[in-house]
>>> print(open('work-v7.csv').read())   # CSV, C-alpha atoms
chain,number,residue,atom,x,y,z
A,1,MET,CA,-5.5,14.6,-12.1
A,2,GLN,CA,-4.9,17.0,-9.2
A,3,ARG,CA,-3.9,16.4,-5.6
A,4,THR,CA,-7.4,17.5,-4.6
A,5,ASP,CA,-8.8,14.5,-6.5
A,6,PHE,CA,-7.4,12.2,-3.8
A,7,LEU,CA,-7.5,11.8,0.0
A,8,LYS,CA,-4.5,13.2,1.8
A,9,GLU,CA,-3.5,9.8,3.3
A,10,ASP,CA,-3.5,8.3,-0.2
A,11,LEU,CA,-1.1,10.8,-1.7
A,12,PRO,CA,2.1,8.7,-1.3
A,13,MET,CA,0.4,5.8,-3.2
A,14,VAL,CA,-1.0,8.2,-5.8
A,15,LEU,CA,2.5,9.6,-6.4
A,16,ALA,CA,3.9,6.1,-6.8
A,17,HIS,CA,1.3,5.1,-9.3
A,18,TYR,CA,1.6,8.4,-11.2
A,19,GLU,CA,5.3,7.9,-11.5
A,20,CYS,CA,4.8,4.3,-12.6
A,21,CYS,CA,2.4,5.4,-15.3
A,22,GLN,CA,4.9,7.9,-16.6
A,23,SER,CA,7.8,5.4,-16.5
A,24,CYS,CA,5.7,2.6,-18.2
A,25,LEU,CA,4.7,4.9,-21.1
A,26,ILE,CA,8.3,5.9,-21.7
A,27,LYS,CA,9.5,2.3,-21.5
A,28,ALA,CA,6.7,1.0,-23.7
A,29,THR,CA,7.6,3.6,-26.3
A,30,GLU,CA,11.3,2.8,-26.2
A,31,ALA,CA,10.5,-1.0,-26.5
A,32,PHE,CA,8.1,-0.3,-29.4
A,33,HIS,CA,10.8,1.6,-31.2
A,34,ARG,CA,13.2,-1.3,-30.7
A,35,ASP,CA,10.5,-3.6,-32.2
A,36,ASP,CA,10.3,-5.4,-28.8
A,37,ILE,CA,6.5,-5.7,-28.9
A,38,GLU,CA,6.4,-8.2,-26.0
A,39,THR,CA,8.1,-5.8,-23.6
A,40,ALA,CA,6.0,-2.9,-24.9
A,41,GLU,CA,2.8,-4.9,-24.1
A,42,LYS,CA,4.1,-5.7,-20.6
A,43,ARG,CA,4.8,-2.0,-19.9
A,44,VAL,CA,1.3,-1.0,-21.2
A,45,GLU,CA,-0.3,-3.6,-18.9
A,46,GLU,CA,1.7,-2.2,-16.0
A,47,PHE,CA,0.6,1.3,-17.0
A,48,GLN,CA,-3.0,0.2,-17.1
A,49,ARG,CA,-2.8,-1.4,-13.7
A,50,SER,CA,-1.5,1.8,-12.2
A,51,LEU,CA,-4.0,3.9,-14.0
A,52,ASN,CA,-6.8,1.7,-12.7
A,53,GLU,CA,-5.5,2.2,-9.2
A,54,LEU,CA,-5.4,5.9,-9.7
A,55,LYS,CA,-9.0,5.8,-10.9
A,56,ARG,CA,-10.0,3.7,-7.9
A,57,LEU,CA,-8.3,6.2,-5.5
A,58,GLN,CA,-10.1,9.1,-7.2
A,59,GLU,CA,-13.4,7.3,-6.8
A,60,LYS,CA,-12.6,6.6,-3.1
A,61,LYS,CA,-12.1,10.4,-2.6
A,62,ARG,CA,-15.3,11.2,-4.5
A,63,ARG,CA,-17.3,8.8,-2.3
A,64,HIS,CA,-15.7,10.2,0.8
A,65,ASP,CA,-16.6,13.8,-0.2
A,66,GLU,CA,-20.2,12.7,-1.0
A,67,MET,CA,-20.5,11.1,2.4
A,68,GLU,CA,-19.2,14.2,4.1
A,69,ARG,CA,-21.8,16.3,2.2
A,70,THR,CA,-24.6,13.9,3.2
A,71,VAL,CA,-23.6,14.0,6.9
A,72,SER,CA,-23.4,17.8,6.8
A,73,ARG,CA,-26.9,18.0,5.3
A,74,LEU,CA,-28.2,15.6,7.9
A,75,LEU,CA,-26.7,17.6,10.7
A,76,GLU,CA,-28.1,20.8,9.3
A,77,LYS,CA,-31.6,19.2,9.5
A,78,GLY,CA,-31.0,18.1,13.1
A,79,VAL,CA,-30.7,14.4,12.3
A,80,SER,CA,-28.5,12.4,14.8
A,81,VAL,CA,-25.8,10.8,12.7
A,82,GLU,CA,-24.7,8.8,15.7
A,83,LEU,CA,-28.1,7.3,15.9
A,84,ILE,CA,-28.1,6.4,12.2
A,85,VAL,CA,-24.7,4.7,12.6
A,86,LYS,CA,-25.9,2.7,15.7
A,87,VAL,CA,-29.1,1.6,13.9
A,88,GLY,CA,-27.0,0.7,10.8
A,89,MET,CA,-24.6,-1.4,12.8
A,90,LYS,CA,-27.5,-3.3,14.4
A,91,HIS,CA,-28.9,-4.2,11.0
A,92,GLY,CA,-25.9,-4.9,9.2
>>> encode(input="work-v7.csv", output="structure tokens")
Amino acid sequence: MQRTDFLKEDLPMVLAHYECCQSCLIKATEAFHRDDIETAEKRVEEFQRSLNELKRLQEKKRRHDEMERTVSRLLEKGVSVELIVKVGMKHG
């Protein structure tokens, strides 16, 4: 994962979830070595939640970039994006 995989405004949340993933893995490993399976499982679940959030934020950026490319192509072809937005808002 790289910073460019995420929207700039999401970076503080990305950093928090990334750090949570790292911390949870370390704590899960430590708990596992102490034979504290219950705690290890809880840390793995927390890791998975943060990892899922990172994936969601990556997908958000991917969709954003795709929309920007689509808008650029429409503008290059002379299509009024504002008109498309207005029509879209009327229908839904």
>>> closest_residue(input="work-v7.csv", among="A:Glu45, A:Glu82, A:Glu59, A:Glu76", to="Cys21 (chain A)", atoms="all atoms listed in the file")
A:Glu45
>>> atom_distance(input="work-v7.csv", atom1="CA of Thr4 (chain A)", atom2="CA of Glu46 (chain A)")
24.5 Å
>>> closest_residue(input="work-v7.csv", among="A:Leu57, A:Val81, A:Lys27, A:Lys42", to="Leu15 (chain A)", atoms="all atoms listed in the file")
A:Leu57
>>> residues_near_point(input="work-v7.csv", point="(-1.5, 5.2, -18.7)", cutoff="10 Å", atoms="all atoms listed in the file", output="list in words")
His17, Tyr18, Cys20, Cys21, Gln22, Ser23, Cys24, Leu25, Arg43, Val44, Glu45, Glu46, Phe47, Gln48, Arg49, Ser50, Leu51, Asn52 and Leu54 of chain A
>>> residues_around(input="work-v7.csv", residues="Gln58 (chain A)", least_positions_apart="4", cutoff="8 Å", atoms="all atoms listed in the file", output="ChimeraX atom specification")
/A:5-6,54,62
>>> atom_distance(input="work-v7.csv", atom1="CA of Arg69 (chain A)", atom2="CA of Leu83 (chain A)")
17.6 Å
>>> atom_distance(input="work-v7.csv", atom1="CA of Lys61 (chain A)", atom2="CA of Arg73 (chain A)")
18.4 Å
>>> closest_residue(input="work-v7.csv", among="A:Met13, A:Ile84, A:Met67, A:Ala40", to="Ile26 (chain A)", atoms="all atoms listed in the file")
A:Ala40
>>> build_atoms(input="work-v7.csv", residues="region 3-17 of chain A", atoms="N, CA and C atoms", output="PDB file, in the coordinates of the input")
ATOM      1  N   ARG A   3      -3.991  16.907  -6.991  1.00  0.00           N
ATOM      2  CA  ARG A   3      -3.900  16.400  -5.600  1.00  0.00           C
ATOM      3  C   ARG A   3      -5.242  16.420  -4.919  1.00  0.00           C
ATOM      4  N   THR A   4      -6.056  17.412  -5.226  1.00  0.00           N
ATOM      5  CA  THR A   4      -7.400  17.500  -4.600  1.00  0.00           C
ATOM      6  C   THR A   4      -8.324  16.425  -5.006  1.00  0.00           C
ATOM      7  N   ASP A   5      -7.951  15.642  -6.001  1.00  0.00           N
ATOM      8  CA  ASP A   5      -8.800  14.500  -6.500  1.00  0.00           C
ATOM      9  C   ASP A   5      -8.615  13.297  -5.563  1.00  0.00           C
ATOM     10  N   PHE A   6      -7.697  13.381  -4.579  1.00  0.00           N
ATOM     11  CA  PHE A   6      -7.400  12.200  -3.800  1.00  0.00           C
ATOM     12  C   PHE A   6      -7.376  12.574  -2.289  1.00  0.00           C
ATOM     13  N   LEU A   7      -7.579  11.566  -1.449  1.00  0.00           N
ATOM     14  CA  LEU A   7      -7.500  11.800   0.000  1.00  0.00           C
ATOM     15  C   LEU A   7      -6.014  11.999   0.363  1.00  0.00           C
ATOM     16  N   LYS A   8      -5.811  12.844   1.359  1.00  0.00           N
ATOM     17  CA  LYS A   8      -4.500  13.200   1.800  1.00  0.00           C
ATOM     18  C   LYS A   8      -3.637  11.956   2.128  1.00  0.00           C
ATOM     19  N   GLU A   9      -4.254  11.022   2.833  1.00  0.00           N
ATOM     20  CA  GLU A   9      -3.500   9.800   3.300  1.00  0.00           C
ATOM     21  C   GLU A   9      -3.157   8.902   2.088  1.00  0.00           C
ATOM     22  N   ASP A  10      -3.799   9.095   0.946  1.00  0.00           N
ATOM     23  CA  ASP A  10      -3.500   8.300  -0.200  1.00  0.00           C
ATOM     24  C   ASP A  10      -2.438   8.884  -1.137  1.00  0.00           C
ATOM     25  N   LEU A  11      -2.008  10.106  -0.847  1.00  0.00           N
ATOM     26  CA  LEU A  11      -1.100  10.800  -1.700  1.00  0.00           C
ATOM     27  C   LEU A  11       0.238  10.069  -2.004  1.00  0.00           C
ATOM     28  N   PRO A  12       0.855   9.421  -0.996  1.00  0.00           N
ATOM     29  CA  PRO A  12       2.100   8.700  -1.300  1.00  0.00           C
ATOM     30  C   PRO A  12       1.843   7.571  -2.359  1.00  0.00           C
ATOM     31  N   MET A  13       0.731   6.858  -2.226  1.00  0.00           N
ATOM     32  CA  MET A  13       0.400   5.800  -3.200  1.00  0.00           C
ATOM     33  C   MET A  13       0.063   6.413  -4.539  1.00  0.00           C
ATOM     34  N   VAL A  14      -0.633   7.543  -4.529  1.00  0.00           N
ATOM     35  CA  VAL A  14      -1.000   8.200  -5.800  1.00  0.00           C
ATOM     36  C   VAL A  14       0.296   8.614  -6.525  1.00  0.00           C
ATOM     37  N   LEU A  15       1.236   9.189  -5.817  1.00  0.00           N
ATOM     38  CA  LEU A  15       2.500   9.600  -6.400  1.00  0.00           C
ATOM     39  C   LEU A  15       3.231   8.404  -7.036  1.00  0.00           C
ATOM     40  N   ALA A  16       3.260   7.301  -6.303  1.00  0.00           N
ATOM     41  CA  ALA A  16       3.900   6.100  -6.800  1.00  0.00           C
ATOM     42  C   ALA A  16       3.285   5.590  -8.078  1.00  0.00           C
ATOM     43  N   HIS A  17       1.961   5.549  -8.107  1.00  0.00           N
ATOM     44  CA  HIS A  17       1.300   5.100  -9.300  1.00  0.00           C
ATOM     45  C   HIS A  17       1.389   6.050 -10.460  1.00  0.00           C
TER      46      HIS A  17
END
